[in-house]
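Here is the structure we will look at, set down as structure tokens.
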Amino acid sequence: MRSYAAQRAGLAIVQLAVLSVLVFVLTSLLPGDAADLRFTETLTPSQVAALRAELGLDQPPVERFVHWLGNVLTGDLGTSLISGGPVVDIVRHSIGATLVLTLATLAIVVPLAVALGIVMGTRENGRVDRAITSITLALSAIPDFVIAVVLVAVFSLKLGWLPATWIGGNLLSSPALLILPIAVLFGRTVCLLSRQVRAGTVAALNAEYVTQARRLGIPRRQLLLRHVLPNAAVPGVQELARTGDTLLGGVLVVEAIFAIPGFATALVDGVETRDIPTVQGLTLVLAVAALLINLGADLVCNRLVPRTALLR
Amino acid sequence: MTPVVRVTGLSATAGEAVLVDGVSFEVVAGEVTALVGASGSGKTTSALALLGEHADGVQLGGYVEVDGQLVVASNGVTAAAQSIRGRVVAYMPQHPGSALNPARRIGTTLQELAKLHDGDAREAVRAAQVPGDRSTLKRFPYQFSGGQRQRVALAQTLTCRPKVLVLDEPSTGLDSITRLQLVHELRDLAATGLGILLLSHDLDLVRALASRVVVLDAGQVIATDVLPPAPDLKVTGTSAAGQPLLTAMNLSASLRPRGRDVVLHEADLAVRAGACLGVVGRSGSGKTTLARCLAGLHERYTGTILLDDEPLPVLRKRTRDQHRRVQYVWQEVRGSFDERRPVDQQVARTAQRLRGLAPDKAHAEAVATLARLGVAAITAARPPSRLSGGELQRAALARAVLANPDVLICDEITTALDDHGTALVLDLLTELKDRGTALIWIGHDLRLVAAVADRVLVLDAGRVVEQGPPATITTEPHHELTRRLVAATRIGNPQSPPAETPPVLTTDSRSEPRR
């Protein structure tokens with residue numbers, strides 16, 4: 001058990017190292033750099049060269065990487081070439097909205113999906129199972145922007161109940177801002193999660209160990225909660241990690257439609273303006289988050305159903 | 001003595017089909033009752049009726065009374081069934097190791113059961129010979145070996161303090177020495193006042209233990225208290241002369257790269273066309289590794305394997321003709337069948353691919369071979385999940401035979417078969433031998449091996465410790481292991497001493513399929 005955790009954490013560290021190189025290399029591959037994009041029209045070539053030197057862009061890539069990594073490790077993600085402020089600030093400003101949206105969505109989706117999954121799994125191919133399957137599948141099949149446009153048209157424009165955008169809004173003063181974005185994200189996440197929990201429940205219910213527990217007289221409720229659920233939850237937890245990744249990455253369509261100043265918006269802005277330090281910083285934060293979420297999910301799964309070792 | 005279980009006129013029907021028809025038997029405290037019959041004869045269906053359990057779509061009828069409570073009545077399972085599960089009747093499935101929940105520490109489940117049934121987990125753990133210290137109880141099932149898992153499963157059932165213990169084929173896959181140990185342990189359990197219902201096709205085990213015997217066939221009781229005679233295992237003729245067809249020299253095999261974890265040490269063997277080489281040894285002695293080397297599935301070996309004096313490469317480098325000439329049938333065959341296609345088609349496929357037969361001809365030959373082995377055409381037309389373990393094992397043999405092989409390697413292929421099925425298999429193999437096929441027969445049942453083989457090779461811890469004609473091996477065994485294997489064939493003899501072996505807990509005694 002402990003050895004699994006140690007191995008898994010070790011793997012995460014290796015992943016982190018590879019990841020930092022990848023982030024740096026990939027963002028360096030973007031065509032052009034900030035110096036020639038922003039200043040070619042106003043500066044002479046010699047001034048551009050001077051600016052490059054000042055920004056460190058004339059250094060060989062390896063030295064730039066070492067320098068960048070050193071700063072990252074001390075919590076300095078660099079300085080935005082556009083705003084001139086630290087990238088950390090951009091992260092800090094954009095991550096709030098995304099984090100709130102992600103956590104709020106999960107808080108609603110997870111309990112519901114687990115409950116639906118168990119209900120479906122215990123009634124495999126029954127009428128209830130089919131009804132829930134049809135509804136969640138249909139919801140997840142509608143593209144985000146269609147749901148979003150319809151919801152805005154009905155609840156914001158026609159009925160005027162809910163705000164359509166976050167512009168000028170404040171989460172603290174009007175939590176209602178969250179309702180429409182969550183409604184858009186709801187369908188697919190509920191569908192994916194509940195299907196995994198359903199599959200896990202069906203597999204566990206058909207497993208020999210559950211049959212044997214039933215034969216030894218363990219009552220149904222105890223059987224479901226203690227014998228089936230830990231096994232059934234495993235695929236659900238893995239799916240939850242994937243969902244978490246996606247939501248944190250900022251669901252761009254949702255952020256665009258509701259004008260949410262979130263992570264995806266910040267990232268797209270950075271790419272458009274060739275603001276390489278910002279893109280690097282945001283990508284790195286996102287990648288580390290994904291890594292930690294998956295590390296957490298694997299450890300939880302191993303606690304639920306222990307395995308011998310990661311590597312054999 | 002009043003019986004704890006009284007079954008009268010039990011029936012199980014699925015629509016039109018009658019699975020069990022008017023079965024009656026009793027289980028008495030402190031005694032062993034055996035339900036004997038071929039696979040598919042209704043043993044498990046009858047035994048599960050004691051728990052009021054049945055498959056979907058099956059209707060139980062008749063009369064089952066357990067410890068004074070009516071579990072099955074003429075109109076089906078009664079409400080009392082739930083209350084006797086575990087507490088009065090406990091069931092040990094055929095592969096009890098997989099009946100442990102991978103997500104739960106063994107102690108947690110034991111405590112849960114003890115609380116539920118007022119049992120004593122500590123005492124049950126001791127009776128099942130599982131170490132009862134705190135750290136063992138905190139372990140998860142994956143931290144035990146296959147043999148230990150069986151014991152943990154037994155501890156679970158004993159924690160419920162049942163009055164009746166149902167054991168479904170407890171000797172499947174056990175080597176003969178461990179099997180002898182099982183006999184002594186079950187006698188001890190019965191002596192504590194437990195009523196035991198033993199489901200088995202292992203007639204030696206039944207003879208050694210049971211005081212009452214009920215023989216089932218096609219869902220009906222055909223005899224009580226009389227055992228069907230053992231099949232006539234005639235000792236086969238002398239081996240054909242001539243050059244060896246398959247030769248292995250200096251064969252060593254290891255589990256890990258660069259010769260680490262050696263499991264087979266410098267084995268030599270040769271088998272002629274029309275001859276049969278028997279390989280015996282305990283679980284873990286390297287029998288299967290030897291077979292897998294010859295079949296080309298185990299690639300980490302050194303030494304030479306020759307087929308007709310030509311080197312035989314590993315499986316993926318063999319030509320189509322070499323594929324055809326050497327066929328391998330192993331023990332756990334379910335995974336080797338495509339679960340979506342009918343079995344007969346999969347059996348026919350070998351003849352199509354390796355012999356270029358037309359599909360309809362191949363199919364006809366498949367059906368005929370399966371029928372010879374006692375698998376009816378209507379059964380073989382189903383997907384593998386609808387076939388019993390014994391039927392599938394015979395289908396795997398038919399699949400190999402359809403290649404028309406020159407060398408056929410049979411690795412414990414009769415473990416899931418009753419005596420009748422075994423006799424059918426031996427009949428077909430004898431015919432193959434007469435046609436010039438060389439057989440390599442791997443088994444743990446020395447008596448059966450001696451009846452089939454012209455020459456026997458005894459493996460112990462990866463080394464060939466004895467080799468010779470079966471008559472010599474059984475009458476004048478030289479090696480200690482051979483002597484014990486010979487002694488273990490006599491488990492029916494009540495004077496047989498308990499096997500002097502280390503407790504099963506230290507080794508994984510159950511043959512597990514290899515990856």
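Identifiers for the structure tokens are assigned positionally: chains receive A, B, ... in sequence, residues are indexed from 1 per chain, and ligands are indexed from 1 in the order shown.
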Report task. Enumerate as number ranges by chain the residues belonging to chain B that approach chain A to within 10 Å, with only C-alpha atoms taken into account. Result -> B: 48, 51-53, 81-93, 95-105, 109, 112-113, 116-117, 139-143, 153, 156-157, 159-160, 162
**Report entry** CA of Leu81 (chain A) to CA of Asp275 (chain A), straight-line distance in Å
**Finding:**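 Result for CA of Asp275 (chain A) versus CA of Leu81 (chain A): 5.6 Å, one decimal.
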Query raised in the report: Could you pull the residues within 9 Å of Val213 (chain B), counting only C-alpha atoms, minus those fewer than 3 positions along the same chain, as a PyMOL selection string?
Result: chain B and resi 25+32-36+206-207+210+223-227
Query raised in the report: Can you tell me, as a ChimeraX atom specification, what residues are no more than 12 Å from Ile132 (chain A) when counting only C-alpha atoms, ignoring any on the same chain fewer than 2 positions away?
Result: /A:112-113,115-121,123-130,134-139,190-191,194-195,198
Report summary line: What separates CA of Phe144 (chain B) and CA of Gln129 (chain B) is a distance of 13.4 Å
